[in-house]
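Text of the file my_file_0.pdb, holding PDB, C-alpha atoms, pLDDT in the B column:
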MODEL        1
ATOM      1  CA  MET F  13       0.000   0.000   0.000  1.00 46.00           C
ATOM      2  CA  PHE F  14       1.328   3.412  -1.004  1.00 63.00           C
ATOM      3  CA  PRO F  15       1.581   5.665   2.075  1.00 67.00           C
ATOM      4  CA  PHE F  16      -0.572   8.424   0.546  1.00 72.00           C
ATOM      5  CA  ASP F  17      -3.476   6.321  -0.757  1.00 76.00           C
ATOM      6  CA  GLU F  18      -5.914   7.611   1.838  1.00 78.00           C
ATOM      7  CA  LYS F  19      -6.787  11.254   1.095  1.00 80.00           C
ATOM      8  CA  PHE F  20      -8.494  12.322   4.365  1.00 83.00           C
ATOM      9  CA  GLU F  21     -10.981  14.539   2.523  1.00 80.00           C
ATOM     10  CA  SER F  22     -13.738  13.618   4.954  1.00 81.00           C
ATOM     11  CA  ASP F  23     -13.803  11.969   8.354  1.00 82.00           C
ATOM     12  CA  HIS F  24     -15.611   8.605   8.378  1.00 83.00           C
ATOM     13  CA  ARG F  25     -14.568   7.498  11.852  1.00 86.00           C
ATOM     14  CA  GLN F  26     -17.245   6.396  14.277  1.00 90.00           C
ATOM     15  CA  PRO F  27     -17.178   7.890  17.779  1.00 92.00           C
ATOM     16  CA  LEU F  28     -15.953   5.655  20.578  1.00 93.00           C
ATOM     17  CA  PHE F  29     -18.690   7.080  22.785  1.00 92.00           C
ATOM     18  CA  THR F  30     -21.073  10.027  22.725  1.00 91.00           C
ATOM     19  CA  PHE F  31     -22.804  12.174  25.307  1.00 90.00           C
ATOM     20  CA  SER F  32     -25.451  14.884  25.190  1.00 88.00           C
ATOM     21  CA  ILE F  33     -25.621  18.277  26.879  1.00 85.00           C
ATOM     22  CA  PRO F  34     -28.701  20.502  26.903  1.00 85.00           C
ATOM     23  CA  SER F  35     -28.364  23.185  24.236  1.00 78.00           C
ATOM     24  CA  ALA F  36     -29.193  25.927  26.766  1.00 79.00           C
ATOM     25  CA  LEU F  37     -26.128  24.914  28.815  1.00 82.00           C
ATOM     26  CA  VAL F  38     -23.929  24.820  25.704  1.00 76.00           C
ATOM     27  CA  GLN F  39     -25.159  28.295  24.709  1.00 77.00           C
ATOM     28  CA  ALA F  40     -24.375  29.595  28.211  1.00 77.00           C
ATOM     29  CA  LEU F  41     -20.842  28.125  28.128  1.00 77.00           C
ATOM     30  CA  VAL F  42     -19.876  28.769  24.514  1.00 72.00           C
ATOM     31  CA  GLY F  43     -21.962  31.759  23.557  1.00 71.00           C
ATOM     32  CA  THR F  44     -25.051  32.580  21.617  1.00 64.00           C
ATOM     33  CA  GLY F  45     -26.313  30.542  18.732  1.00 66.00           C
ATOM     34  CA  THR F  46     -28.893  27.963  17.876  1.00 66.00           C
ATOM     35  CA  TYR F  47     -27.954  24.313  17.523  1.00 65.00           C
ATOM     36  CA  TYR F  48     -29.705  22.145  14.967  1.00 63.00           C
ATOM     37  CA  ASP F  49     -30.149  18.412  14.598  1.00 59.00           C
ATOM     38  CA  ILE F  50     -29.630  16.432  11.385  1.00 62.00           C
ATOM     39  CA  ASP F  51     -33.123  17.276  10.097  1.00 66.00           C
ATOM     40  CA  GLY F  52     -32.564  21.022  10.484  1.00 64.00           C
ATOM     41  CA  GLN F  53     -34.813  21.342  13.528  1.00 66.00           C
ATOM     42  CA  SER F  54     -33.758  23.257  16.605  1.00 69.00           C
ATOM     43  CA  ALA F  55     -32.130  20.749  18.950  1.00 71.00           C
ATOM     44  CA  ASP F  56     -32.890  20.474  22.656  1.00 78.00           C
ATOM     45  CA  ASN F  57     -29.635  18.603  23.282  1.00 80.00           C
ATOM     46  CA  VAL F  58     -26.238  18.896  21.640  1.00 79.00           C
ATOM     47  CA  GLU F  59     -24.441  15.600  21.090  1.00 82.00           C
ATOM     48  CA  PHE F  60     -20.663  15.280  21.349  1.00 85.00           C
ATOM     49  CA  GLY F  61     -18.472  12.267  20.613  1.00 88.00           C
ATOM     50  CA  PHE F  62     -14.890  11.151  21.132  1.00 92.00           C
ATOM     51  CA  LEU F  63     -13.063   9.831  18.082  1.00 91.00           C
ATOM     52  CA  ALA F  64     -10.125   7.427  18.127  1.00 91.00           C
ATOM     53  CA  PRO F  65      -6.975   8.698  16.404  1.00 91.00           C
ATOM     54  CA  SER F  66      -6.574   7.686  12.780  1.00 88.00           C
ATOM     55  CA  LEU F  67      -3.562   5.372  12.537  1.00 88.00           C
ATOM     56  CA  SER F  68      -3.251   6.007   8.812  1.00 87.00           C
ATOM     57  CA  PHE F  69      -2.964   9.767   9.382  1.00 88.00           C
ATOM     58  CA  TRP F  70      -0.141   9.270  11.867  1.00 89.00           C
ATOM     59  CA  ILE F  71       1.688   7.023   9.401  1.00 88.00           C
ATOM     60  CA  GLN F  72       1.374   9.491   6.535  1.00 90.00           C
ATOM     61  CA  MET F  73       2.538  12.537   8.490  1.00 91.00           C
ATOM     62  CA  PRO F  74       6.016  11.143   9.395  1.00 92.00           C
ATOM     63  CA  ALA F  75       6.353   9.748   5.858  1.00 90.00           C
ATOM     64  CA  LEU F  76       5.715  13.217   4.460  1.00 92.00           C
ATOM     65  CA  MET F  77       8.152  14.722   6.923  1.00 93.00           C
ATOM     66  CA  GLY F  78      10.726  12.118   5.872  1.00 94.00           C
ATOM     67  CA  VAL F  79      10.373  13.233   2.252  1.00 91.00           C
ATOM     68  CA  GLN F  80      10.969  16.802   3.388  1.00 94.00           C
ATOM     69  CA  VAL F  81      14.042  15.792   5.394  1.00 95.00           C
ATOM     70  CA  VAL F  82      15.572  14.194   2.299  1.00 95.00           C
ATOM     71  CA  VAL F  83      14.824  17.273   0.181  1.00 94.00           C
ATOM     72  CA  CYS F  84      16.165  19.687   2.829  1.00 94.00           C
ATOM     73  CA  SER F  85      19.317  17.614   3.369  1.00 95.00           C
ATOM     74  CA  THR F  86      20.030  17.495  -0.352  1.00 96.00           C
ATOM     75  CA  ILE F  87      19.566  21.239  -0.693  1.00 95.00           C
ATOM     76  CA  ALA F  88      21.693  21.841   2.418  1.00 93.00           C
ATOM     77  CA  ALA F  89      24.560  19.857   0.861  1.00 94.00           C
ATOM     78  CA  ILE F  90      24.270  21.897  -2.339  1.00 94.00           C
ATOM     79  CA  MET F  91      24.183  25.141  -0.350  1.00 93.00           C
ATOM     80  CA  HIS F  92      27.242  24.169   1.677  1.00 91.00           C
ATOM     81  CA  LYS F  93      29.286  23.255  -1.380  1.00 93.00           C
ATOM     82  CA  PHE F  94      28.261  26.097  -3.709  1.00 94.00           C
ATOM     83  CA  ILE F  95      27.210  28.917  -1.373  1.00 93.00           C
ATOM     84  CA  VAL F  96      28.953  28.690   2.007  1.00 90.00           C
ATOM     85  CA  LYS F  97      32.360  27.697   0.603  1.00 90.00           C
ATOM     86  CA  LYS F  98      32.132  30.342  -2.155  1.00 91.00           C
ATOM     87  CA  ARG F  99      30.425  33.123  -0.204  1.00 90.00           C
ATOM     88  CA  GLY F 100      30.533  36.527  -1.876  1.00 89.00           C
ATOM     89  CA  SER F 101      31.153  35.159  -5.356  1.00 93.00           C
ATOM     90  CA  THR F 102      28.805  35.397  -8.281  1.00 94.00           C
ATOM     91  CA  THR F 103      28.417  31.623  -8.239  1.00 94.00           C
ATOM     92  CA  ALA F 104      27.099  31.687  -4.668  1.00 94.00           C
ATOM     93  CA  TYR F 105      24.430  34.262  -5.478  1.00 96.00           C
ATOM     94  CA  LEU F 106      23.572  32.584  -8.755  1.00 96.00           C
ATOM     95  CA  VAL F 107      23.108  29.174  -7.106  1.00 95.00           C
ATOM     96  CA  GLY F 108      21.093  30.725  -4.289  1.00 96.00           C
ATOM     97  CA  TYR F 109      18.780  33.027  -6.216  1.00 96.00           C
ATOM     98  CA  ALA F 110      18.557  31.130  -9.508  1.00 96.00           C
ATOM     99  CA  PHE F 111      18.518  27.518  -8.294  1.00 95.00           C
ATOM    100  CA  VAL F 112      17.791  26.999  -4.577  1.00 96.00           C
ATOM    101  CA  VAL F 113      15.033  29.597  -4.074  1.00 96.00           C
ATOM    102  CA  PRO F 114      13.012  28.670  -7.207  1.00 96.00           C
ATOM    103  CA  CYS F 115      13.400  24.934  -6.544  1.00 94.00           C
ATOM    104  CA  VAL F 116      12.146  25.092  -2.979  1.00 95.00           C
ATOM    105  CA  CYS F 117       9.277  27.406  -3.947  1.00 95.00           C
ATOM    106  CA  TRP F 118       8.245  24.877  -6.580  1.00 96.00           C
ATOM    107  CA  PHE F 119       8.668  21.823  -4.319  1.00 94.00           C
ATOM    108  CA  PRO F 120       5.311  21.950  -2.428  1.00 95.00           C
ATOM    109  CA  PHE F 121       3.310  22.252  -5.648  1.00 95.00           C
ATOM    110  CA  TYR F 122       5.202  19.366  -7.212  1.00 94.00           C
ATOM    111  CA  ALA F 123       4.838  17.165  -4.105  1.00 92.00           C
ATOM    112  CA  ILE F 124       1.108  17.914  -3.811  1.00 92.00           C
ATOM    113  CA  GLU F 125       0.547  16.892  -7.427  1.00 92.00           C
ATOM    114  CA  LEU F 126       2.902  13.905  -7.353  1.00 90.00           C
ATOM    115  CA  LEU F 127       1.556  12.429  -4.114  1.00 88.00           C
ATOM    116  CA  ASP F 128      -2.032  13.648  -4.744  1.00 89.00           C
ATOM    117  CA  ILE F 129      -2.210  15.244  -1.305  1.00 90.00           C
ATOM    118  CA  ARG F 130      -5.645  16.665  -0.492  1.00 90.00           C
ATOM    119  CA  ASN F 131      -5.567  17.045   3.278  1.00 90.00           C
ATOM    120  CA  LYS F 132      -5.078  20.632   4.463  1.00 91.00           C
ATOM    121  CA  CYS F 133      -2.758  19.623   7.319  1.00 90.00           C
ATOM    122  CA  PHE F 134      -0.429  17.809   4.933  1.00 92.00           C
ATOM    123  CA  ARG F 135      -0.475  20.707   2.460  1.00 92.00           C
ATOM    124  CA  MET F 136       0.356  23.183   5.201  1.00 93.00           C
ATOM    125  CA  ASN F 137       3.157  20.889   6.399  1.00 92.00           C
ATOM    126  CA  LEU F 138       4.687  20.982   2.903  1.00 93.00           C
ATOM    127  CA  CYS F 139       4.667  24.783   2.892  1.00 92.00           C
ATOM    128  CA  PHE F 140       7.166  24.975   5.757  1.00 92.00           C
ATOM    129  CA  THR F 141       9.974  23.575   3.609  1.00 93.00           C
ATOM    130  CA  PRO F 142      10.347  26.634   1.340  1.00 95.00           C
ATOM    131  CA  LEU F 143      10.028  28.992   4.277  1.00 94.00           C
ATOM    132  CA  LEU F 144      12.879  27.402   6.214  1.00 93.00           C
ATOM    133  CA  VAL F 145      15.159  26.725   3.263  1.00 95.00           C
ATOM    134  CA  ILE F 146      14.838  30.227   1.810  1.00 96.00           C
ATOM    135  CA  PHE F 147      15.788  31.806   5.134  1.00 95.00           C
ATOM    136  CA  ARG F 148      18.729  29.415   5.491  1.00 93.00           C
ATOM    137  CA  CYS F 149      19.833  30.162   1.934  1.00 95.00           C
ATOM    138  CA  LEU F 150      19.696  33.918   2.512  1.00 94.00           C
ATOM    139  CA  ALA F 151      21.691  33.517   5.723  1.00 93.00           C
ATOM    140  CA  ALA F 152      24.299  31.411   3.904  1.00 91.00           C
ATOM    141  CA  MET F 153      24.619  33.837   0.979  1.00 93.00           C
ATOM    142  CA  HIS F 154      24.866  37.000   3.062  1.00 92.00           C
ATOM    143  CA  GLY F 155      26.995  35.597   5.897  1.00 88.00           C
ATOM    144  CA  THR F 156      24.480  36.015   8.732  1.00 89.00           C
ATOM    145  CA  SER F 157      24.428  32.377   9.827  1.00 80.00           C
ATOM    146  CA  PRO F 158      26.085  31.484  13.161  1.00 79.00           C
ATOM    147  CA  PRO F 159      29.766  30.445  12.925  1.00 78.00           C
ATOM    148  CA  VAL F 160      29.102  26.970  14.307  1.00 79.00           C
ATOM    149  CA  VAL F 161      26.823  26.222  11.344  1.00 72.00           C
ATOM    150  CA  GLU F 162      29.616  26.793   8.870  1.00 71.00           C
ATOM    151  CA  THR F 163      32.128  24.518  10.576  1.00 71.00           C
ATOM    152  CA  THR F 164      29.916  21.421  10.390  1.00 65.00           C
TER     153      THR F 164
ENDMDL
END
Would you mind writing the file's structure down as structure tokens?
Amino acid sequence: MFPFDEKFESDHRQPLFTFSIPSALVQALVGTGTYYDIDGQSADNVEFGFLAPSLSFWIQMPALMGVQVVVCSTIAAIMHKFIVKKRGSTTAYLVGYAFVVPCVCWFPFYAIELLDIRNKCFRMNLCFTPLLVIFRCLAAMHGTSPPVVETT
């Protein structure tokens, strides 16, 4: 089974258990508003339920993060070789602005299409990669990264 087969577009889990609270009490605690039942009628009680965690979700999230770790590590190696070691040169700025920044900006869109990711949490998770890598690339190009980063 491919790790991203389940799309998580809707939640089909059944509650482990449910309980009801009078809607007047819920309105007093949460605020104003009218609560409706499935038929669209005003409800006397509001029903809540506890859902078990989705195992598939918690398998897909680390898998997606693993993909991002591989991408970030590859880009970090490129940045160290062509930017940090050649800081101030035209090559460093060219690699940074013409290769690294466009590639990491394009990465989330490519990954979303390739893996057919539809869940908003997964999409948001993918958007952190460009944010972090662009800031690291700018720090490497302009010499504002801490000294310990450049020795490793």
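Selection by the PyMOL selection byres ((chain F and resi 161) around 12) on the present file picks out Ala88, His92, Val96, Arg148, Ala151, Ala152, Gly155, Thr156, Ser157, Pro158, Pro159, Val160, Glu162, Thr163 and Thr164 of chain F.
Between atom CA of F:Phe62 and atom CA of F:Phe29 lies a distance of 5.8 Å.
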From atom CA of F:Lys19 to atom CA of F:Met136 the spacing works out at 14.5 Å
One residue among F:Gln80, F:Phe16, F:Asp23, F:Met153 is nearest to F:Lys97 when using all atoms listed in the file, and that residue is F:Met153
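Proximity ranking of F:Gln39, F:Ser32, F:Ser101, F:Gln72 relative to F:Asn57 places F:Ser32 first, based on all atoms listed in the file.
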Here atom CA of F:Ala123 and atom CA of F:Thr103 stand apart by 28.0 Å
Take every atom of stretch 134-145 of chain F listed in the file, fit an axis-aligned box around them, add 4 Å per side, and give the centre and edge lengths in Å to one decimal as JSON.
{"center_x": 7.3, "center_y": 23.4, "center_z": 3.9, "size_x": 23.6, "size_y": 19.2, "size_z": 13.1}
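Distances to F:Lys98 were evaluated for F:Val81, F:His154, F:Phe147, F:Glu59 using all atoms listed in the file, and the minimum falls at F:His154.
Nearest residue to F:Arg135, choosing from F:Pro120, F:Met77, F:Val113, F:Ser66 and counting all atoms listed in the file: F:Pro120.
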Selection: 9 Å around F:Cys133, only C-alpha atoms, excl. self and same-chain fewer than 4 positions, as an NGL selection string
:F and (73 or 137-138)
F:Arg99 proximity check over F:Leu150, F:Leu41, F:Pro27, F:Asp17, using all atoms listed in the file: winner is F:Leu150
Check your understanding: Excluding same-chain residues fewer than 2 positions from F:Phe121, what lies within 12 Å of it counting only C-alpha atoms, as a PyMOL selection string?
Key -> chain F and resi 114-119+123-130+135-136+138-139+141-142
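Residue nearest F:Leu28, chosen from F:Phe94, F:Pro74, F:Pro65, F:Phe140 and counting all atoms listed in the file: F:Pro65.
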Hey, could you patch up stretch 88-106 of chain F with N, CA and C atoms and hand it over as a short mmCIF file (atom, residue, chain, number, x, y, z; two decimals), in the frame of the given file?
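What landed in selection_12.cif:
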data_model
loop_
_atom_site.label_atom_id
_atom_site.label_comp_id
_atom_site.auth_asym_id
_atom_site.auth_seq_id
_atom_site.Cartn_x
_atom_site.Cartn_y
_atom_site.Cartn_z
N ALA F 88 20.67 21.36 1.48
CA ALA F 88 21.69 21.84 2.42
C ALA F 88 23.10 21.47 1.94
N ALA F 89 23.25 20.26 1.39
CA ALA F 89 24.56 19.86 0.86
C ALA F 89 24.95 20.73 -0.33
N ILE F 90 24.00 21.02 -1.18
CA ILE F 90 24.27 21.90 -2.34
C ILE F 90 24.64 23.29 -1.85
N MET F 91 23.89 23.80 -0.87
CA MET F 91 24.18 25.14 -0.35
C MET F 91 25.55 25.21 0.31
N HIS F 92 25.93 24.16 1.02
CA HIS F 92 27.24 24.17 1.68
C HIS F 92 28.38 24.17 0.65
N LYS F 93 28.21 23.37 -0.38
CA LYS F 93 29.29 23.26 -1.38
C LYS F 93 29.38 24.50 -2.27
N PHE F 94 28.23 25.02 -2.72
CA PHE F 94 28.26 26.10 -3.71
C PHE F 94 28.00 27.49 -3.15
N ILE F 95 27.50 27.58 -1.92
CA ILE F 95 27.21 28.92 -1.37
C ILE F 95 28.14 29.24 -0.20
N VAL F 96 28.16 28.39 0.81
CA VAL F 96 28.95 28.69 2.01
C VAL F 96 30.45 28.72 1.68
N LYS F 97 30.92 27.75 0.93
CA LYS F 97 32.36 27.70 0.60
C LYS F 97 32.78 28.77 -0.40
N LYS F 98 31.81 29.32 -1.15
CA LYS F 98 32.13 30.34 -2.15
C LYS F 98 31.39 31.64 -1.87
N ARG F 99 31.20 31.94 -0.59
CA ARG F 99 30.42 33.12 -0.20
C ARG F 99 31.01 34.39 -0.81
N GLY F 100 30.12 35.25 -1.29
CA GLY F 100 30.53 36.53 -1.88
C GLY F 100 30.79 36.47 -3.36
N SER F 101 30.89 35.27 -3.92
CA SER F 101 31.15 35.16 -5.36
C SER F 101 29.84 35.19 -6.14
N THR F 102 29.98 35.39 -7.41
CA THR F 102 28.80 35.40 -8.28
C THR F 102 28.15 34.02 -8.30
N THR F 103 28.95 32.99 -8.24
CA THR F 103 28.42 31.62 -8.24
C THR F 103 27.51 31.39 -7.04
N ALA F 104 27.90 31.88 -5.88
CA ALA F 104 27.10 31.69 -4.67
C ALA F 104 25.73 32.34 -4.82
N TYR F 105 25.72 33.57 -5.30
CA TYR F 105 24.43 34.26 -5.48
C TYR F 105 23.61 33.64 -6.60
N LEU F 106 24.28 33.21 -7.64
CA LEU F 106 23.57 32.58 -8.76
C LEU F 106 22.93 31.27 -8.33
#
